[in-house]
Each structure stands twice: as structure tokens, then as C-alpha cells.
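Asks: My structure file entry.txt, compact mmCIF, C-alpha atoms, is below:
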# COMPACT_ATOMS: atom_id res chain seq x y z
CA MET A 525 21.84 -28.35 -4.63
CA THR A 526 19.05 -29.47 -2.31
CA HIS A 527 19.98 -30.12 1.25
CA PRO A 528 19.30 -33.79 2.29
CA ARG A 529 17.26 -32.73 5.28
CA ALA A 530 14.98 -30.53 3.12
CA ALA A 531 14.39 -33.39 0.70
CA ALA A 532 13.47 -35.71 3.57
CA ARG A 533 10.98 -33.16 4.90
CA ARG A 534 9.36 -32.90 1.42
CA ARG A 535 9.04 -36.68 1.18
CA HIS A 536 7.49 -36.81 4.63
CA ALA A 537 5.00 -34.05 3.69
CA ASP A 538 4.11 -35.87 0.49
CA ARG A 539 3.33 -39.02 2.43
CA GLY A 540 1.05 -37.07 4.80
CA GLN A 541 -0.99 -35.74 1.86
CA ARG A 542 -1.65 -39.11 0.25
CA GLY A 543 -5.40 -40.15 -0.25
CA LEU A 544 -7.06 -43.55 0.25
CA THR A 545 -6.25 -46.30 -2.11
CA ILE A 546 -9.03 -48.06 -4.04
CA VAL A 547 -8.79 -51.07 -1.74
CA GLU A 548 -9.03 -48.96 1.39
CA LEU A 549 -11.99 -47.05 -0.04
CA LEU A 550 -13.85 -50.27 -0.91
CA VAL A 551 -13.19 -51.73 2.54
CA SER A 552 -14.44 -48.54 4.20
CA MET A 553 -17.59 -48.48 2.08
CA ALA A 554 -18.28 -52.12 2.87
CA LEU A 555 -17.93 -51.49 6.61
CA VAL A 556 -20.20 -48.46 6.44
CA ALA A 557 -22.81 -50.45 4.46
CA ILE A 558 -22.70 -53.25 7.05
CA LEU A 559 -23.12 -50.79 9.94
CA VAL A 560 -25.98 -48.98 8.18
CA GLY A 561 -27.69 -52.32 7.46
CA ILE A 562 -27.40 -53.38 11.08
CA ALA A 563 -28.79 -50.02 12.23
CA LEU A 564 -31.71 -50.30 9.81
CA GLN A 565 -32.49 -53.82 10.98
CA ILE A 566 -32.47 -52.69 14.59
CA ALA A 567 -34.72 -49.74 13.71
CA VAL A 568 -37.17 -52.02 11.87
CA VAL A 569 -37.32 -54.42 14.84
CA VAL A 570 -37.81 -51.56 17.30
CA LEU A 571 -40.51 -49.89 15.20
CA HIS A 572 -42.29 -53.21 14.63
CA GLY A 573 -42.20 -53.98 18.35
CA TYR A 574 -43.49 -50.51 19.14
CA SER A 575 -46.33 -50.92 16.64
CA GLN A 576 -47.26 -54.32 18.06
CA HIS A 577 -47.12 -52.92 21.59
CA ARG A 578 -49.45 -50.07 20.60
CA GLN A 579 -51.89 -52.56 19.09
CA GLY A 580 -51.77 -54.63 22.26
CA VAL A 581 -52.48 -51.55 24.36
CA ALA A 582 -55.33 -50.58 22.02
CA ALA A 583 -56.80 -54.08 22.36
CA GLN A 584 -56.55 -53.81 26.16
CA ARG A 585 -58.24 -50.42 26.12
CA SER A 586 -60.99 -51.68 23.81
CA ALA A 587 -61.72 -54.67 26.04
CA ARG A 588 -61.70 -52.59 29.22
CA SER A 589 -63.95 -49.81 27.90
CA ALA A 590 -66.52 -52.33 26.67
CA LEU A 591 -66.50 -54.25 29.95
CA ASP A 592 -66.85 -51.09 32.05
CA LEU A 593 -70.02 -50.06 30.22
CA ILE A 594 -71.50 -53.57 30.38
CA SER A 595 -70.71 -53.77 34.10
CA ASP A 596 -72.57 -50.52 34.79
CA ALA A 597 -75.65 -51.88 33.03
CA VAL A 598 -75.54 -55.11 35.08
CA ARG A 599 -75.14 -53.24 38.39
CA ASN A 600 -78.33 -51.31 37.65
CA ALA A 601 -80.24 -54.30 36.31
CA SER A 602 -83.72 -54.97 37.74
CA ALA A 603 -83.80 -51.64 39.54
CA GLY A 604 -86.90 -51.41 41.71
CA VAL A 605 -87.82 -55.08 41.25
CA PRO A 606 -85.82 -57.21 43.73
CA THR A 607 -87.57 -60.37 42.54
CA GLY A 608 -86.34 -59.91 38.98
CA ASN A 609 -89.93 -60.42 37.80
CA ILE A 610 -89.99 -57.89 34.94
CA THR A 611 -92.20 -58.15 31.86
CA ASP A 612 -91.54 -56.13 28.73
CA ALA A 613 -95.00 -54.92 27.67
CA ALA A 614 -93.47 -52.57 25.10
CA GLY A 615 -91.23 -54.78 22.97
CA CYS A 616 -92.33 -58.23 24.23
CA THR A 617 -88.76 -59.43 24.88
CA PRO A 618 -89.04 -62.97 26.29
CA PHE A 619 -86.91 -62.63 29.43
CA ASN A 620 -87.10 -61.09 32.87
CA ALA A 621 -84.41 -58.77 34.31
CA ILE A 622 -81.33 -60.47 32.85
CA ASP A 623 -80.84 -63.01 30.08
CA VAL A 624 -77.70 -64.86 28.99
CA VAL A 625 -77.54 -66.75 25.70
CA ASP A 626 -74.67 -69.18 26.19
CA SER A 627 -72.53 -70.55 23.36
CA THR A 628 -69.67 -73.06 23.47
CA THR A 629 -68.68 -72.34 19.87
CA GLY A 630 -68.73 -68.52 19.81
CA PRO A 631 -69.37 -65.40 21.89
CA ASP A 632 -72.24 -65.25 24.39
CA GLU A 633 -75.02 -62.66 24.39
CA LEU A 634 -76.24 -60.66 27.37
CA SER A 635 -79.51 -58.73 27.72
CA VAL A 636 -80.50 -56.61 30.73
CA VAL A 637 -83.38 -54.43 31.85
CA THR A 638 -81.52 -51.58 33.53
CA ALA A 639 -82.21 -48.15 35.00
CA ALA A 640 -81.37 -45.23 32.71
CA GLY A 641 -80.23 -41.84 33.93
CA GLY A 642 -81.67 -41.88 37.43
CA VAL A 643 -85.08 -40.49 36.39
CA VAL A 644 -87.43 -41.72 39.15
CA THR A 645 -90.94 -40.73 40.24
CA SER A 646 -94.15 -42.38 41.44
CA ALA A 647 -97.62 -43.09 40.07
CA ARG A 648 -100.48 -40.86 41.23
CA ALA A 649 -103.34 -42.99 39.89
CA LEU A 650 -104.19 -46.61 39.17
CA PHE A 651 -102.36 -48.01 36.13
CA THR A 652 -103.46 -51.26 34.46
CA ASP A 653 -102.83 -53.25 31.30
CA GLY A 654 -105.70 -51.35 29.66
CA SER A 655 -104.48 -47.85 30.56
CA THR A 656 -103.42 -45.47 27.79
CA THR A 657 -102.02 -42.84 30.17
CA MET A 658 -99.95 -42.92 33.34
CA THR A 659 -100.29 -40.14 35.91
CA VAL A 660 -97.04 -39.45 37.79
CA LEU A 661 -95.87 -36.98 40.39
CA ASP A 662 -93.03 -35.57 38.26
CA GLY A 663 -92.59 -36.25 34.56
CA SER A 664 -89.99 -33.59 33.83
CA GLY A 665 -87.26 -36.13 33.11
CA PHE A 666 -89.24 -38.14 30.55
CA THR A 667 -89.61 -37.63 26.82
CA ALA A 668 -91.62 -39.32 24.09
CA GLY A 669 -89.95 -42.57 23.06
CA ASP A 670 -88.60 -43.39 26.53
CA LEU A 671 -89.14 -46.81 28.07
CA VAL A 672 -90.60 -46.67 31.58
CA LEU A 673 -90.66 -49.36 34.26
CA ILE A 674 -93.50 -49.33 36.77
CA SER A 675 -93.01 -51.51 39.82
CA ASP A 676 -94.64 -52.49 43.10
CA PHE A 677 -91.35 -54.14 44.20
CA ASP A 678 -92.81 -57.60 43.58
CA LYS A 679 -93.25 -57.29 39.84
CA GLY A 680 -92.55 -54.72 37.14
CA HIS A 681 -93.74 -53.94 33.61
CA VAL A 682 -91.95 -51.95 30.92
CA VAL A 683 -94.10 -49.63 28.79
CA LYS A 684 -93.28 -47.01 26.15
CA ILE A 685 -94.09 -43.31 26.45
CA THR A 686 -95.53 -41.56 23.40
CA GLY A 687 -96.16 -38.16 24.94
CA VAL A 688 -95.61 -36.06 28.09
CA THR A 689 -98.00 -33.40 29.43
CA GLN A 690 -97.49 -31.23 32.50
CA GLY A 691 -100.52 -30.48 34.65
CA PRO A 692 -101.00 -28.13 37.62
CA ASP A 693 -100.31 -30.82 40.23
CA ASP A 694 -98.96 -33.82 38.31
CA TRP A 695 -97.86 -35.04 34.90
CA THR A 696 -99.54 -37.27 32.34
CA LEU A 697 -97.52 -39.78 30.33
CA ASP A 698 -99.18 -41.13 27.19
CA VAL A 699 -98.46 -44.85 26.92
CA ALA A 700 -98.36 -46.98 23.77
CA ALA A 701 -100.75 -49.92 23.74
CA SER A 702 -99.03 -53.25 24.28
CA THR A 703 -99.03 -55.73 21.40
CA CYS A 704 -97.73 -58.64 23.46
CA GLY A 705 -101.14 -60.13 24.23
CA GLY A 706 -102.24 -62.02 27.32
CA LEU A 707 -100.88 -59.45 29.77
CA SER A 708 -102.81 -58.58 32.88
CA PHE A 709 -101.44 -56.27 35.55
CA SER A 710 -102.48 -53.52 37.93
CA TYR A 711 -100.46 -50.95 39.87
CA ALA A 712 -101.90 -48.84 42.68
CA PRO A 713 -101.07 -45.17 43.26
CA GLY A 714 -97.62 -44.85 44.79
CA ALA A 715 -96.02 -47.44 42.50
CA LEU A 716 -92.41 -46.74 41.56
CA VAL A 717 -91.87 -45.33 38.04
CA LEU A 718 -88.42 -44.99 36.51
CA ARG A 719 -86.86 -44.57 33.11
CA THR A 720 -85.30 -47.78 31.89
CA ARG A 721 -83.52 -49.40 28.97
CA ILE A 722 -83.46 -52.92 27.59
CA ILE A 723 -79.93 -53.49 26.32
CA ARG A 724 -78.46 -56.40 24.40
CA PHE A 725 -74.69 -56.89 24.18
CA TYR A 726 -73.25 -59.22 21.57
CA VAL A 727 -70.33 -59.65 19.15
CA ALA A 728 -70.88 -59.28 15.39
CA ASP A 729 -68.86 -58.90 12.21
CA VAL A 730 -68.99 -55.30 11.00
CA SER A 731 -67.29 -54.80 7.63
CA GLY A 732 -64.85 -57.58 8.41
CA VAL A 733 -64.08 -56.35 11.94
CA SER A 734 -65.17 -58.36 14.98
CA THR A 735 -67.04 -55.77 17.05
CA MET A 736 -68.84 -55.64 20.39
CA MET A 737 -72.31 -54.31 19.67
CA MET A 738 -74.93 -52.66 21.88
CA ASP A 739 -78.63 -52.55 21.06
CA ASP A 740 -80.10 -50.28 23.73
CA ASP A 741 -83.78 -50.22 22.84
CA GLY A 742 -84.61 -53.92 23.04
CA ASP A 743 -86.63 -54.89 20.01
CA GLY A 744 -87.20 -51.22 19.16
CA PRO A 745 -86.53 -49.55 15.82
CA LEU A 746 -83.11 -48.09 16.65
CA ALA A 747 -80.16 -49.78 14.96
CA PRO A 748 -77.49 -51.41 17.16
CA GLU A 749 -74.34 -49.35 17.59
CA PRO A 750 -70.68 -50.41 17.83
CA LEU A 751 -69.34 -50.43 21.36
CA ALA A 752 -65.74 -51.61 20.79
CA GLU A 753 -63.87 -52.87 17.75
CA ASP A 754 -61.58 -55.93 17.55
CA VAL A 755 -63.45 -57.83 20.27
CA GLU A 756 -63.41 -61.49 19.26
CA ASP A 757 -65.01 -63.13 22.30
CA PHE A 758 -67.46 -62.28 25.07
CA GLN A 759 -68.26 -64.88 27.72
CA VAL A 760 -70.67 -64.71 30.65
CA ALA A 761 -70.90 -67.06 33.62
CA VAL A 762 -73.85 -66.85 36.03
CA GLY A 763 -73.32 -67.22 39.78
CA VAL A 764 -76.30 -68.58 41.72
CA ASP A 765 -76.36 -69.57 45.39
CA ASP A 766 -78.02 -72.89 44.58
CA ASP A 767 -77.65 -74.41 48.05
CA GLY A 768 -78.58 -71.21 49.91
CA ASP A 769 -75.46 -71.10 52.09
CA GLY A 770 -74.72 -67.46 51.30
CA ALA A 771 -71.73 -68.14 49.04
CA ILE A 772 -71.10 -69.19 45.45
CA PHE A 773 -68.99 -72.33 45.30
CA ASP A 774 -66.45 -72.30 42.46
CA ASP A 775 -64.08 -75.09 41.40
CA THR A 776 -64.19 -74.34 37.64
CA SER A 777 -66.23 -77.47 36.99
CA ALA A 778 -69.80 -78.20 35.94
CA ALA A 779 -70.54 -79.21 39.53
CA ASP A 780 -70.02 -75.79 41.12
CA GLU A 781 -72.47 -72.89 41.48
CA TRP A 782 -71.18 -70.97 38.49
CA HIS A 783 -73.16 -71.81 35.38
CA TYR A 784 -71.76 -71.70 31.82
CA ASN A 785 -68.20 -71.83 33.20
CA ALA A 786 -67.42 -75.38 32.05
CA VAL A 787 -68.32 -77.52 29.05
CA GLY A 788 -71.44 -79.54 29.83
CA ASP A 789 -72.60 -77.09 32.50
CA THR A 790 -76.26 -76.81 33.42
CA THR A 791 -78.56 -73.89 32.73
CA PRO A 792 -79.08 -71.76 35.88
CA THR A 793 -82.44 -71.67 37.59
CA THR A 794 -84.66 -68.85 36.35
CA ILE A 795 -83.86 -65.49 37.88
CA THR A 796 -87.36 -65.29 39.44
CA THR A 797 -87.03 -68.73 41.08
CA ARG A 798 -83.67 -68.17 42.74
CA PRO A 799 -82.25 -64.70 42.15
CA TRP A 800 -78.85 -64.61 40.47
CA ARG A 801 -76.14 -63.15 42.66
CA ALA A 802 -73.43 -62.21 40.19
CA LEU A 803 -72.21 -62.35 36.61
CA ARG A 804 -68.61 -63.06 35.67
CA MET A 805 -67.96 -61.40 32.33
CA THR A 806 -64.90 -61.74 30.14
CA VAL A 807 -63.97 -59.80 27.00
CA VAL A 808 -61.15 -60.93 24.68
CA ALA A 809 -59.82 -58.29 22.29
CA ARG A 810 -57.08 -58.69 19.71
CA SER A 811 -54.79 -56.45 17.68
CA ALA A 812 -56.23 -54.87 14.56
CA THR A 813 -53.67 -56.50 12.26
CA GLU A 814 -51.94 -59.86 12.24
CA ASP A 815 -48.18 -60.31 12.31
CA VAL A 816 -48.04 -62.51 9.21
CA GLY A 817 -45.90 -65.58 9.71
CA GLY A 818 -45.60 -65.06 13.45
CA GLU A 819 -47.13 -67.22 16.17
CA ILE A 820 -47.76 -64.75 18.95
CA SER A 821 -50.85 -65.97 20.79
CA ALA A 822 -53.98 -68.07 20.61
CA ALA A 823 -57.56 -67.30 21.48
CA PRO A 824 -57.69 -68.38 25.16
CA ASP A 825 -60.06 -70.84 26.81
CA VAL A 826 -62.76 -68.71 28.46
CA GLU A 827 -65.49 -70.26 30.62
CA ASP A 828 -67.13 -73.00 28.48
CA HIS A 829 -65.72 -71.72 25.17
CA PRO A 830 -62.52 -73.54 24.11
CA GLY A 831 -59.71 -71.45 22.69
CA GLY A 832 -58.08 -71.58 19.28
CA SER A 833 -54.67 -72.20 17.71
CA LEU A 834 -51.65 -69.90 17.58
CA ASP A 835 -51.72 -67.05 15.10
CA GLY A 836 -50.15 -63.64 14.57
CA PHE A 837 -52.61 -61.56 16.61
CA ARG A 838 -51.84 -60.04 19.99
CA ARG A 839 -54.65 -60.56 22.48
CA ARG A 840 -55.74 -59.05 25.75
CA LEU A 841 -58.24 -60.63 28.16
CA VAL A 842 -60.18 -58.57 30.68
CA SER A 843 -62.54 -60.17 33.21
CA THR A 844 -64.65 -58.92 36.10
CA ILE A 845 -67.30 -60.18 38.53
CA VAL A 846 -70.29 -57.88 39.00
CA GLU A 847 -72.74 -58.38 41.84
CA ILE A 848 -76.37 -57.83 40.85
CA ARG A 849 -77.14 -55.51 43.73
CA ASN A 850 -80.85 -54.96 43.07
CA LEU A 851 -81.86 -58.62 43.40
CA ASP A 852 -82.75 -60.43 46.61
CA GLY A 853 -79.94 -62.90 45.96
CA SER A 854 -77.19 -60.27 46.17
CA PRO A 855 -75.19 -60.04 49.40
Could I get this structure in the form of C-alpha cells?
Replies:
Amino acid sequence: MTHPRAAARRRHADRGQRGLTIVELLVSMALVAILVGIALQIAVVVLHGYSQHRQGVAAQRSARSALDLISDAVRNASAGVPTGNITDAAGCTPFNAIDVVDSTTGPDELSVVTAAGGVVTSARALFTDGSTTMTVLDGSGFTAGDLVLISDFDKGHVVKITGVTQGPDDWTLDVAASTCGGLSFSYAPGALVLRTRIIRFYVADVSGVSTMMMDDDGDGPLAPEPLAEDVEDFQVAVGVDDDGDGAIFDDTSAADEWHYNAVGDTTPTTITTRPWRALRMTVVARSATEDVGGEISAAPDVEDHPGGSLDGFRRRLVSTIVEIRNLDGSP
């Protein structure tokens, strides 16, 4: 005969070893599925936000790197010619030291004649529009194909070197004949000679990607090269001290001394008439991919170029003012 207390202990042990019922198991699985789904949704949101953040940072970096390089070119523009009176006798580009092609419906274009690499010397003999060689004190920094600016500080002409020969006391630079026509110039011994570049910055579509481009040999044979991808806008405003008071008045309207900063603005005076003091340059970059269905940002209003409507791209705007230090109009 089983003792009552022993039977009770067996029943209690049996209850402790029972498994989950079907209902309990289904409820548990449903709760786990809900928690896993919530965790996955959170993970997707976090990863998507991280990806979008990375694209925004990449756009910022792209805009900044492009603007830094452009700014360096502008700071060195018109080196050795404070009047800005530079003529391209090599490629016949139709502007002086700096040229801005303004657009109210798309990106602007910027072209500059800028010093390249700090290679500087002086002429040892007379150099004219009919010369086929240029005699300089030191030609060690020049190579065939380089563009050279010769200047008497009132005017300057760009010519192309086709050969370099070292002599006992000086160097001879072979110079390509100009095809521009109608040029007449003369430079006495002692004229400044420096290596230069004629660079054009603009935005173009490259295989479906809006890209900041750089053509660094003017109208030469070299192909333009990409400077920064996913740049959708590039705007340039020109600051000129029109009233000669030593400052550039700015009220963001067409009546101030910044040109191309407002719709209906006037074209600035030529750089040789009243030297330009500064350029305000703005680059707008956007993320490489669009968040489909989202309305994140819109292309912003920049200078005289109106913005666009909301879309799924993330954008970054970088702007800077660069003083043109080599011109007489700079402070």
C-alpha cells in the first residue's frame, strides 16, 4: 500500500515535468516572431539611415575637394600680370585672366590662366610675336608641351614650348608659332617667364553621372578629366569694386557689386577695365542614389540659378569666397 504522502510527492513531480501545451507553444512562437520582426525593422531603418548618412558625407567630401582645387587655381590666377591683360597666343582662348560663363538654367563655367608648379625664370633676350625661340636664365623646370606666360607686369602672352635646350650660360626654349593671327607684342630682356595652365571647370554628364570636369590645357589636345562625381551644380558670382570705395557691397540683389548673384544681374566690367576682386564659388553635390519615394531635399537656390523640387537625393552645399590676390583690384 502506497503511503498518501509518497503519492502526493509523485503527483507534484509529474506536474513539474509537464511540457508546453500546443496553445502555449503557438503563443510563444507568435511573440518571438513579433519581436524578431520588430528587431529586423529597426535594423533595416538603422542600416538605411547609415547608408544615407554615408552618401551625404561622400557628397560633402566630393563638393569640398572640388572647391578646394578650384580655389587654388583662382588664387594663382593672372600671376605676374596685375592688370589681368593676358592673351593666349598658344590656344587662342578668347578671354583674359579669368572668364565666367553664367547660366540661370544650369551650372556655370569658370576658366582661369593660373601659375603651375612655381616654375619661374626671366628672359635673357628680346622676345616678339615673330620669335621661334625664347632665351631664359633657367629652363630646368620646363619640358616640351608646357604652356609658358611671359609678362612685363602690364601685359602677358601665353605660348607653348616645343623643346628645351641647355646652354653654357642660359637655356633656349623652342616656341610653337601662334595661329591666332593679328597678334603683335614685344618683351625686353628681364621679362618674367613662368609655367602656366589654362584651366576650364564645368559640370557635364559622364555615363549618366553629373560630374565636375577639369580641362587643364585650354583648347589643347588633352581630354578633360573628372574632378568630382555627383556634382549637380556649380555657381560663380563675381565681386567688383564698381564704385571704388575699397569694399564690395552685397545685398543679394542685382543692384549690389556682386555680379551673377541675382536673376537679371548685369555682366561685370571686363577684368582689364576694373580688376575683379573676388569670386564667390558654390558647389552642390548630391548622394549617388535616390531614396525612391522619399522627399528628402531639393536642389537649392544658388546665386542666380533657381532651385528645384523635392526628391529623394541628399544634398550638400559648399561655398567659399576667394580673393584674386594677383590683380590690382585685390585688397
Asks: Might you pull out every residue within 9 Å of Asp740 in chain A, with all atoms listed in the file counted and same-chain residues fewer than 3 positions away left off, and present them as JSON, numbers by chain?
Replies: {"A": [721, 722, 723, 724, 725, 743, 744, 746, 747, 748, 749]}
Asks: Phe666 in chain A: which residues within 12 Å, counting all atoms listed in the file, same-chain residues fewer than 5 positions away excluded, as a PDB file with C-alpha atoms, in the frame of the given file?
Replies:
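out_32.pdb, written as the output of this step:
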ATOM      1  CA  ALA A 640     -81.370 -45.230  32.710  1.00  0.00           C
ATOM      2  CA  GLY A 641     -80.230 -41.840  33.930  1.00  0.00           C
ATOM      3  CA  GLY A 642     -81.670 -41.880  37.430  1.00  0.00           C
ATOM      4  CA  VAL A 643     -85.080 -40.490  36.390  1.00  0.00           C
ATOM      5  CA  VAL A 644     -87.430 -41.720  39.150  1.00  0.00           C
ATOM      6  CA  THR A 645     -90.940 -40.730  40.240  1.00  0.00           C
ATOM      7  CA  VAL A 660     -97.040 -39.450  37.790  1.00  0.00           C
ATOM      8  CA  LEU A 661     -95.870 -36.980  40.390  1.00  0.00           C
ATOM      9  CA  LEU A 671     -89.140 -46.810  28.070  1.00  0.00           C
ATOM     10  CA  VAL A 672     -90.600 -46.670  31.580  1.00  0.00           C
ATOM     11  CA  LEU A 673     -90.660 -49.360  34.260  1.00  0.00           C
ATOM     12  CA  LYS A 684     -93.280 -47.010  26.150  1.00  0.00           C
ATOM     13  CA  ILE A 685     -94.090 -43.310  26.450  1.00  0.00           C
ATOM     14  CA  THR A 686     -95.530 -41.560  23.400  1.00  0.00           C
ATOM     15  CA  GLY A 687     -96.160 -38.160  24.940  1.00  0.00           C
ATOM     16  CA  VAL A 688     -95.610 -36.060  28.090  1.00  0.00           C
ATOM     17  CA  THR A 689     -98.000 -33.400  29.430  1.00  0.00           C
ATOM     18  CA  GLN A 690     -97.490 -31.230  32.500  1.00  0.00           C
ATOM     19  CA  TRP A 695     -97.860 -35.040  34.900  1.00  0.00           C
ATOM     20  CA  THR A 696     -99.540 -37.270  32.340  1.00  0.00           C
ATOM     21  CA  LEU A 697     -97.520 -39.780  30.330  1.00  0.00           C
ATOM     22  CA  ASP A 698     -99.180 -41.130  27.190  1.00  0.00           C
ATOM     23  CA  VAL A 699     -98.460 -44.850  26.920  1.00  0.00           C
ATOM     24  CA  VAL A 717     -91.870 -45.330  38.040  1.00  0.00           C
ATOM     25  CA  LEU A 718     -88.420 -44.990  36.510  1.00  0.00           C
ATOM     26  CA  ARG A 719     -86.860 -44.570  33.110  1.00  0.00           C
ATOM     27  CA  THR A 720     -85.300 -47.780  31.890  1.00  0.00           C
TER      28      THR A 720
END
Asks: Counting only C-alpha atoms, what are the residues of range 607-719 of chain A within 10 Å of range 804-812 of chain A, and for each of them which pair of atoms is the nearest and at what distance in Å, to one decimal? Sort the table by chain and rising number, as a Markdown table.
Replies:
| residue | atom | partner | partner_atom | distance |
| --- | --- | --- | --- | --- |
| A:Pro631 | CA | A:Val807 | CA | 9.3 |
| A:Asp632 | CA | A:Met805 | CA | 9.8 |
| A:Leu634 | CA | A:Met805 | CA | 9.7 |
Asks: With C-alpha atoms retained, write the just-selected residues as a compact mmCIF listing (two decimals), in the frame of the given file.
Replies:
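So part08.txt came out as:
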# COMPACT_ATOMS: atom_id res chain seq x y z
CA PRO A 631 -69.37 -65.40 21.89
CA ASP A 632 -72.24 -65.25 24.39
CA LEU A 634 -76.24 -60.66 27.37
Asks: Considering all atoms listed in the file, can you say which of A:Thr656, A:Thr797, A:Ser627, A:Ser552 comes closest to Tyr784 in chain A?
Replies: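 For Tyr784 in chain A, the nearest of the candidates is A:Ser627.
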Asks: When you draw a straight line from CA of Leu834 in chain A to CA of Asp815 in chain A, how long is it in Å?
Replies: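 A separation of 11.5 Å between them.
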Asks: For Asp670 in chain A, which of A:Val842, A:Val730, A:Val637, A:Val683 is the closest residue, counting only C-alpha atoms?
Replies: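 When distances to Asp670 in chain A are compared using only C-alpha atoms, the smallest one comes from A:Val683.
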Asks: Identify which of the residues A:Asp693, A:Glu819, A:Asp852, A:Asp676 lies closest to Val764 in chain A, counting only C-alpha atoms when measuring atom-to-atom distances.
Replies: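 Closest to Val764 in chain A of all the choices is A:Asp852.
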Asks: Counting all atoms listed in the file, which of A:Val755, A:Ala700, A:Val624, A:Met737 gets nearest to Thr793 in chain A?
Replies: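 Smallest distance to Thr793 in chain A is found for A:Val624.
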Asks: Counting only C-alpha atoms, select every polymer residue within 10 Å of (-47.9, -64.4, 13.4) as defined in the file's coordinates, and provide the selection as a count of residues only.
Replies: 14
Asks: For the atom pair CA of Ala712 in chain A and CA of Phe677 in chain A, what is the interatomic distance in Å to one decimal place?
Replies: 11.9 Å
Asks: Counting all atoms listed in the file, find residues at most 12 Å from (-71.3, -66.3, 42.2) (file frame) and give them as a PDB file with C-alpha atoms, keeping the file's coordinate frame.
Replies:
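Writing the result to part-v1.pdb gives the following:
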ATOM      1  CA  VAL A 760     -70.670 -64.710  30.650  1.00  0.00           C
ATOM      2  CA  ALA A 761     -70.900 -67.060  33.620  1.00  0.00           C
ATOM      3  CA  VAL A 762     -73.850 -66.850  36.030  1.00  0.00           C
ATOM      4  CA  GLY A 763     -73.320 -67.220  39.780  1.00  0.00           C
ATOM      5  CA  VAL A 764     -76.300 -68.580  41.720  1.00  0.00           C
ATOM      6  CA  ASP A 765     -76.360 -69.570  45.390  1.00  0.00           C
ATOM      7  CA  ASP A 766     -78.020 -72.890  44.580  1.00  0.00           C
ATOM      8  CA  ASP A 767     -77.650 -74.410  48.050  1.00  0.00           C
ATOM      9  CA  GLY A 768     -78.580 -71.210  49.910  1.00  0.00           C
ATOM     10  CA  ASP A 769     -75.460 -71.100  52.090  1.00  0.00           C
ATOM     11  CA  GLY A 770     -74.720 -67.460  51.300  1.00  0.00           C
ATOM     12  CA  ALA A 771     -71.730 -68.140  49.040  1.00  0.00           C
ATOM     13  CA  ILE A 772     -71.100 -69.190  45.450  1.00  0.00           C
ATOM     14  CA  PHE A 773     -68.990 -72.330  45.300  1.00  0.00           C
ATOM     15  CA  ASP A 774     -66.450 -72.300  42.460  1.00  0.00           C
ATOM     16  CA  ASP A 775     -64.080 -75.090  41.400  1.00  0.00           C
ATOM     17  CA  THR A 776     -64.190 -74.340  37.640  1.00  0.00           C
ATOM     18  CA  ASP A 780     -70.020 -75.790  41.120  1.00  0.00           C
ATOM     19  CA  GLU A 781     -72.470 -72.890  41.480  1.00  0.00           C
ATOM     20  CA  TRP A 782     -71.180 -70.970  38.490  1.00  0.00           C
ATOM     21  CA  HIS A 783     -73.160 -71.810  35.380  1.00  0.00           C
ATOM     22  CA  TYR A 784     -71.760 -71.700  31.820  1.00  0.00           C
ATOM     23  CA  ASN A 785     -68.200 -71.830  33.200  1.00  0.00           C
ATOM     24  CA  PRO A 792     -79.080 -71.760  35.880  1.00  0.00           C
ATOM     25  CA  PRO A 799     -82.250 -64.700  42.150  1.00  0.00           C
ATOM     26  CA  TRP A 800     -78.850 -64.610  40.470  1.00  0.00           C
ATOM     27  CA  ARG A 801     -76.140 -63.150  42.660  1.00  0.00           C
ATOM     28  CA  ALA A 802     -73.430 -62.210  40.190  1.00  0.00           C
ATOM     29  CA  LEU A 803     -72.210 -62.350  36.610  1.00  0.00           C
ATOM     30  CA  ARG A 804     -68.610 -63.060  35.670  1.00  0.00           C
ATOM     31  CA  MET A 805     -67.960 -61.400  32.330  1.00  0.00           C
ATOM     32  CA  THR A 844     -64.650 -58.920  36.100  1.00  0.00           C
ATOM     33  CA  ILE A 845     -67.300 -60.180  38.530  1.00  0.00           C
ATOM     34  CA  VAL A 846     -70.290 -57.880  39.000  1.00  0.00           C
ATOM     35  CA  GLU A 847     -72.740 -58.380  41.840  1.00  0.00           C
ATOM     36  CA  ILE A 848     -76.370 -57.830  40.850  1.00  0.00           C
ATOM     37  CA  GLY A 853     -79.940 -62.900  45.960  1.00  0.00           C
ATOM     38  CA  SER A 854     -77.190 -60.270  46.170  1.00  0.00           C
ATOM     39  CA  PRO A 855     -75.190 -60.040  49.400  1.00  0.00           C
TER      40      PRO A 855
END
Asks: Mind pulling up the distance from CA of Phe651 in chain A to CA of Thr794 in chain A?
Replies: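 Taking CA of Thr794 in chain A and CA of Phe651 in chain A, their separation equals 27.3 Å.
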Asks: Quick one: residues within 8 Å of Lys679 in chain A, only C-alpha atoms counted, chain neighbours fewer than 4 positions away excluded, as a PDB file with C-alpha atoms, in the coordinates of the input?
Replies:
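Result went into around_16.pdb, see below:
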ATOM      1  CA  VAL A 605     -87.820 -55.080  41.250  1.00  0.00           C
ATOM      2  CA  THR A 607     -87.570 -60.370  42.540  1.00  0.00           C
ATOM      3  CA  GLY A 608     -86.340 -59.910  38.980  1.00  0.00           C
ATOM      4  CA  ASN A 609     -89.930 -60.420  37.800  1.00  0.00           C
ATOM      5  CA  ILE A 610     -89.990 -57.890  34.940  1.00  0.00           C
ATOM      6  CA  SER A 675     -93.010 -51.510  39.820  1.00  0.00           C
TER       7      SER A 675
END
